[in-house]
Amino acid sequence: MSSTNRDLNRLTNLKLVKQQLFNHPAISRAAVARNTGLTRSTTSSLFAELDRQGFVRHLGRGQATENGGRKPELYTINTHYGYIACFKLTYDSLYVMFLYADGQEISFQQIALTNHELLQVMEIINQQLATTAAHNDTEHGLLGISFSIHAVVEDDQIVHSPYYPLHGINLQKYYQDRYHVPVKIGNEANLAAIYERDYGKQNSADNFLVLSIHRGPGIGVIANRELFTGYRGMVGELGSVKIPNRQGRVTELGDVFSSDHFLARLGQATGTTINNFTTAQQAVRQHGDATKAVLTDFATVTGQLIFNLQMLYGPEKILINSPLVENIPELGALIQAATIQCGCQVPVIIIKGAQYVSLLGAGALLIRQVLGLEDVALQFQWFRKIG
């Protein structure tokens, strides 16, 4: 075997061992060898290499075997191998999440934004990175930076940003050059789909889509467990889809199907000012009869859209990622009923924790990259209680 083939074979075997350590909270070297088909001597050699790199966490001895054999040494991934930074830019907020190398949360916060000047937002991001670096408790420190944004994204480059003018700024290049780590940038709906694939509890489906409803609608499509984004990242840009309106003219779907549009109609129906999801929830409960038509209309349109998405993409399930729907359970129930009435034949599930999911999806993509595990099955865990 040539030296090149030996090197490739070793890299492949290292990936198999990393995968086992990542996916098991406690596993012995013998179990790794059984699960991967590697010899015990090869497994021991690879363990020693990963241990030198700081990838392995030693857990001590486990239970003895049934026949009274020696208690095995147990291992898992070293959570403190390093950390990654995840940022989500929305119309009015910057969401910040730091994760350890195994995808566990270090910290999360939401920072209100008063304008859409990208340079000012970047300065806030730099401050967040500096603060976390000052309290770093990992072996290798910052491993990478990821961004979730409501924009058209292709190959980590922002093609079109409706809320944040770029002014020629290459976000990926700036952060790679400044921090010397990999930088991933993704569309919010696409990253929500990655979250469901990698973190989701109902992860048996190989083909599904996530409908995100925020200031506009978008979808993330998983086909055969891979993200499908299409030409120039345009798959899922529902907000720009042209539809006829009641005046016989053409309008964009995002103009009539969004959380903002819903909140405006709710305010008109109740004669109150509704500017966030908390006041929307209160309005629905205090003005029940006055809000029924608004909820029913929105649910009907959503049900029809979900039916159409089922027919266009053929998913095994469809998930809704929306802080609006999550905060108004009555609306979620109406939508699920409307999908059935429209003839939808696949499960429709409301994702909990909408403010977190695209951050975690971006984190999962980045962790795969920095650990060299892009194309293997990983079982991410996250323990924050939602709802």
# chains A, B, ... in the order shown; residues from 1 in each chain; ligands from 1

$ residues_around --residues "range 242-257 of chain A" --least-positions-apart "5" --cutoff "9 Å" --atoms "only C-alpha atoms" --output "PyMOL selection string"
chain A and resi 213+215-217+262+298+301-302

$ select_by_dssp --residues "range 142-252 of chain A" --states "helix (DSSP H, G or I)" --output "ChimeraX atom specification"
/A:171-179,188-198,231-233,238-240

$ select_by_dssp --residues "range 188-351 of chain A" --states "strand (DSSP E or B)" --output "ChimeraX atom specification"
/A:208-213,217-223,226-228,242-244,250-252,317-321,348-350

$ closest_residue --among "A:His58, A:Ile320, A:Ser28, A:Phe22" --to "Ser44 in chain A" --atoms "only C-alpha atoms"
A:Ser28

$ residues_around --residues "His180 in chain A" --least-positions-apart "5" --cutoff "10 Å" --atoms "only C-alpha atoms" --output "list of chain:residue names"
A:Leu142, A:Leu143, A:Gly144, A:Ile145, A:Lys173, A:Tyr174, A:Tyr175

$ write_last_selection --atoms "all heavy atoms" --output "PDB file, in the first residue's frame"
ATOM      1  N   LEU A 142     -11.267  29.108  20.468  1.00  0.00           N
ATOM      2  CA  LEU A 142     -12.243  29.301  19.391  1.00  0.00           C
ATOM      3  C   LEU A 142     -11.879  28.435  18.195  1.00  0.00           C
ATOM      4  O   LEU A 142     -10.788  28.551  17.631  1.00  0.00           O
ATOM      5  CB  LEU A 142     -12.269  30.775  18.988  1.00  0.00           C
ATOM      6  CG  LEU A 142     -13.252  31.153  17.871  1.00  0.00           C
ATOM      7  CD1 LEU A 142     -14.704  30.962  18.324  1.00  0.00           C
ATOM      8  CD2 LEU A 142     -13.027  32.598  17.437  1.00  0.00           C
ATOM      9  N   LEU A 143     -12.843  27.589  17.779  1.00  0.00           N
ATOM     10  CA  LEU A 143     -12.626  26.690  16.646  1.00  0.00           C
ATOM     11  C   LEU A 143     -13.251  27.209  15.364  1.00  0.00           C
ATOM     12  O   LEU A 143     -12.826  26.834  14.262  1.00  0.00           O
ATOM     13  CB  LEU A 143     -13.214  25.303  16.955  1.00  0.00           C
ATOM     14  CG  LEU A 143     -12.646  24.575  18.169  1.00  0.00           C
ATOM     15  CD1 LEU A 143     -13.427  23.283  18.400  1.00  0.00           C
ATOM     16  CD2 LEU A 143     -11.167  24.282  17.990  1.00  0.00           C
ATOM     17  N   GLY A 144     -14.278  28.063  15.468  1.00  0.00           N
ATOM     18  CA  GLY A 144     -14.952  28.556  14.276  1.00  0.00           C
ATOM     19  C   GLY A 144     -16.088  29.491  14.633  1.00  0.00           C
ATOM     20  O   GLY A 144     -16.496  29.599  15.798  1.00  0.00           O
ATOM     21  N   ILE A 145     -16.599  30.184  13.601  1.00  0.00           N
ATOM     22  CA  ILE A 145     -17.671  31.169  13.766  1.00  0.00           C
ATOM     23  C   ILE A 145     -18.743  30.876  12.723  1.00  0.00           C
ATOM     24  O   ILE A 145     -18.428  30.602  11.552  1.00  0.00           O
ATOM     25  CB  ILE A 145     -17.147  32.608  13.575  1.00  0.00           C
ATOM     26  CG1 ILE A 145     -16.027  32.909  14.583  1.00  0.00           C
ATOM     27  CG2 ILE A 145     -18.275  33.628  13.718  1.00  0.00           C
ATOM     28  CD1 ILE A 145     -15.285  34.207  14.301  1.00  0.00           C
ATOM     29  N   LYS A 173     -14.932  36.478   4.805  1.00  0.00           N
ATOM     30  CA  LYS A 173     -13.505  36.813   4.697  1.00  0.00           C
ATOM     31  C   LYS A 173     -13.035  37.659   5.888  1.00  0.00           C
ATOM     32  O   LYS A 173     -11.947  37.440   6.433  1.00  0.00           O
ATOM     33  CB  LYS A 173     -13.222  37.549   3.393  1.00  0.00           C
ATOM     34  CG  LYS A 173     -11.745  37.826   3.139  1.00  0.00           C
ATOM     35  CD  LYS A 173     -11.523  38.492   1.795  1.00  0.00           C
ATOM     36  CE  LYS A 173     -10.028  38.602   1.488  1.00  0.00           C
ATOM     37  NZ  LYS A 173      -9.251  39.274   2.540  1.00  0.00           N
ATOM     38  N   TYR A 174     -13.862  38.616   6.286  1.00  0.00           N
ATOM     39  CA  TYR A 174     -13.482  39.477   7.403  1.00  0.00           C
ATOM     40  C   TYR A 174     -13.205  38.648   8.657  1.00  0.00           C
ATOM     41  O   TYR A 174     -12.174  38.833   9.330  1.00  0.00           O
ATOM     42  CB  TYR A 174     -14.580  40.502   7.686  1.00  0.00           C
ATOM     43  CG  TYR A 174     -14.357  41.272   8.973  1.00  0.00           C
ATOM     44  CD1 TYR A 174     -13.545  42.398   9.006  1.00  0.00           C
ATOM     45  CD2 TYR A 174     -14.955  40.853  10.171  1.00  0.00           C
ATOM     46  CE1 TYR A 174     -13.319  43.094  10.200  1.00  0.00           C
ATOM     47  CE2 TYR A 174     -14.742  41.536  11.356  1.00  0.00           C
ATOM     48  CZ  TYR A 174     -13.928  42.657  11.363  1.00  0.00           C
ATOM     49  OH  TYR A 174     -13.706  43.328  12.547  1.00  0.00           O
ATOM     50  N   TYR A 175     -14.119  37.730   9.000  1.00  0.00           N
ATOM     51  CA  TYR A 175     -13.966  36.979  10.244  1.00  0.00           C
ATOM     52  C   TYR A 175     -12.909  35.891  10.133  1.00  0.00           C
ATOM     53  O   TYR A 175     -12.227  35.573  11.122  1.00  0.00           O
ATOM     54  CB  TYR A 175     -15.323  36.442  10.706  1.00  0.00           C
ATOM     55  CG  TYR A 175     -16.110  37.528  11.404  1.00  0.00           C
ATOM     56  CD1 TYR A 175     -17.082  38.248  10.729  1.00  0.00           C
ATOM     57  CD2 TYR A 175     -15.823  37.878  12.710  1.00  0.00           C
ATOM     58  CE1 TYR A 175     -17.766  39.286  11.354  1.00  0.00           C
ATOM     59  CE2 TYR A 175     -16.495  38.906  13.351  1.00  0.00           C
ATOM     60  CZ  TYR A 175     -17.461  39.613  12.669  1.00  0.00           C
ATOM     61  OH  TYR A 175     -18.120  40.645  13.294  1.00  0.00           O
TER      62      TYR A 175
END

$ closest_residue --among "A:His135, A:Ser161, A:Gln120, A:Phe383" --to "Tyr91 in chain A" --atoms "only C-alpha atoms"
A:Ser161

$ closest_residue --among "A:Gln286, A:Ser259, A:Thr339, A:Thr43" --to "Val325 in chain A" --atoms "only C-alpha atoms"
A:Ser259

$ atom_distance --atom1 "CA of Leu263 in chain A" --atom2 "CA of Asn187 in chain A"
23.9 Å

$ closest_residue --among "A:Thr296, A:Tyr356, A:Gly218, A:Leu118" --to "Met234 in chain A" --atoms "only C-alpha atoms"
A:Gly218

$ closest_atom_pairs --of "range 151-247 of chain A" --to "range 102-113 of chain A" --cutoff "12 Å" --atoms "only C-alpha atoms" --output "CSV"
residue,atom,partner,partner_atom,distance
A:Tyr163,CA,A:Leu113,CA,11.9
A:Tyr164,CA,A:Leu113,CA,11.6
A:Tyr195,CA,A:Gly103,CA,11.1
A:Asp198,CA,A:Gly103,CA,10.2
A:Tyr199,CA,A:Gly103,CA,9.2

$ residues_around --residues "Leu319 in chain A" --least-positions-apart "3" --cutoff "8 Å" --atoms "only C-alpha atoms" --output "PyMOL selection string"
chain A and resi 208-211+348-351

$ write_last_selection --atoms "C-alpha atoms" --output "PDB file, in the first residue's frame"
ATOM      1  CA  PHE A 208     -38.443  16.517   5.205  1.00  0.00           C
ATOM      2  CA  LEU A 209     -38.749  20.262   5.131  1.00  0.00           C
ATOM      3  CA  VAL A 210     -38.992  23.064   7.655  1.00  0.00           C
ATOM      4  CA  LEU A 211     -41.333  25.979   7.003  1.00  0.00           C
ATOM      5  CA  VAL A 348     -47.069  18.548  10.529  1.00  0.00           C
ATOM      6  CA  ILE A 349     -45.056  19.347  13.663  1.00  0.00           C
ATOM      7  CA  ILE A 350     -44.506  22.635  15.500  1.00  0.00           C
ATOM      8  CA  ILE A 351     -40.855  23.064  16.502  1.00  0.00           C
TER       9      ILE A 351
END

$ residues_around --residues "Ser146 in chain A" --least-positions-apart "6" --cutoff "6 Å" --atoms "only C-alpha atoms" --output "PyMOL selection string"
chain A and resi 86+183-185+362

$ residues_around --residues "Ala130 in chain A" --least-positions-apart "4" --cutoff "12 Å" --atoms "only C-alpha atoms" --output "list in words"
Ala85, Glu123, Ile124, Ile125, Asn126, Ala134, His135, Asn136, Gly141, Leu142, Arg178 and Tyr179 of chain A

$ closest_atom_pairs --of "range 57-113 of chain A" --to "range 16-20 of chain A" --cutoff "10 Å" --atoms "only C-alpha atoms" --output "Markdown table"
| residue | atom | partner | partner_atom | distance |
| --- | --- | --- | --- | --- |
| A:Tyr75 | CA | A:Gln20 | CA | 9.8 |
| A:Thr76 | CA | A:Gln20 | CA | 8.1 |
| A:Ile77 | CA | A:Lys18 | CA | 7.6 |

$ closest_residue --among "A:Asn9, A:Val96, A:Ala101, A:Asn35" --to "Val56 in chain A" --atoms "only C-alpha atoms"
A:Ala101

$ residues_around --residues "Phe55 in chain A" --least-positions-apart "4" --cutoff "8 Å" --atoms "only C-alpha atoms" --output "list in words"
Leu50, Asp51, Ile77, Asn78 and Tyr81 of chain A

$ write_last_selection --atoms "N, CA and C atoms" --output "PDB file, in the first residue's frame"
ATOM      1  N   LEU A  50      -5.572  10.678  19.108  1.00  0.00           N
ATOM      2  CA  LEU A  50      -6.645  11.618  19.459  1.00  0.00           C
ATOM      3  C   LEU A  50      -6.471  12.139  20.887  1.00  0.00           C
ATOM      4  N   ASP A  51      -5.935  11.301  21.747  1.00  0.00           N
ATOM      5  CA  ASP A  51      -5.695  11.723  23.130  1.00  0.00           C
ATOM      6  C   ASP A  51      -4.646  12.832  23.175  1.00  0.00           C
ATOM      7  N   ILE A  77     -16.058  12.089  23.836  1.00  0.00           N
ATOM      8  CA  ILE A  77     -15.418  13.288  23.300  1.00  0.00           C
ATOM      9  C   ILE A  77     -15.144  14.270  24.428  1.00  0.00           C
ATOM     10  N   ASN A  78     -14.030  14.931  24.361  1.00  0.00           N
ATOM     11  CA  ASN A  78     -13.694  15.971  25.331  1.00  0.00           C
ATOM     12  C   ASN A  78     -14.506  17.219  25.001  1.00  0.00           C
ATOM     13  N   TYR A  81     -12.659  20.423  24.301  1.00  0.00           N
ATOM     14  CA  TYR A  81     -11.669  20.433  23.220  1.00  0.00           C
ATOM     15  C   TYR A  81     -11.556  21.842  22.634  1.00  0.00           C
TER      16      TYR A  81
END

$ atom_distance --atom1 "CA of Glu139 in chain A" --atom2 "CA of His80 in chain A"
6.3 Å
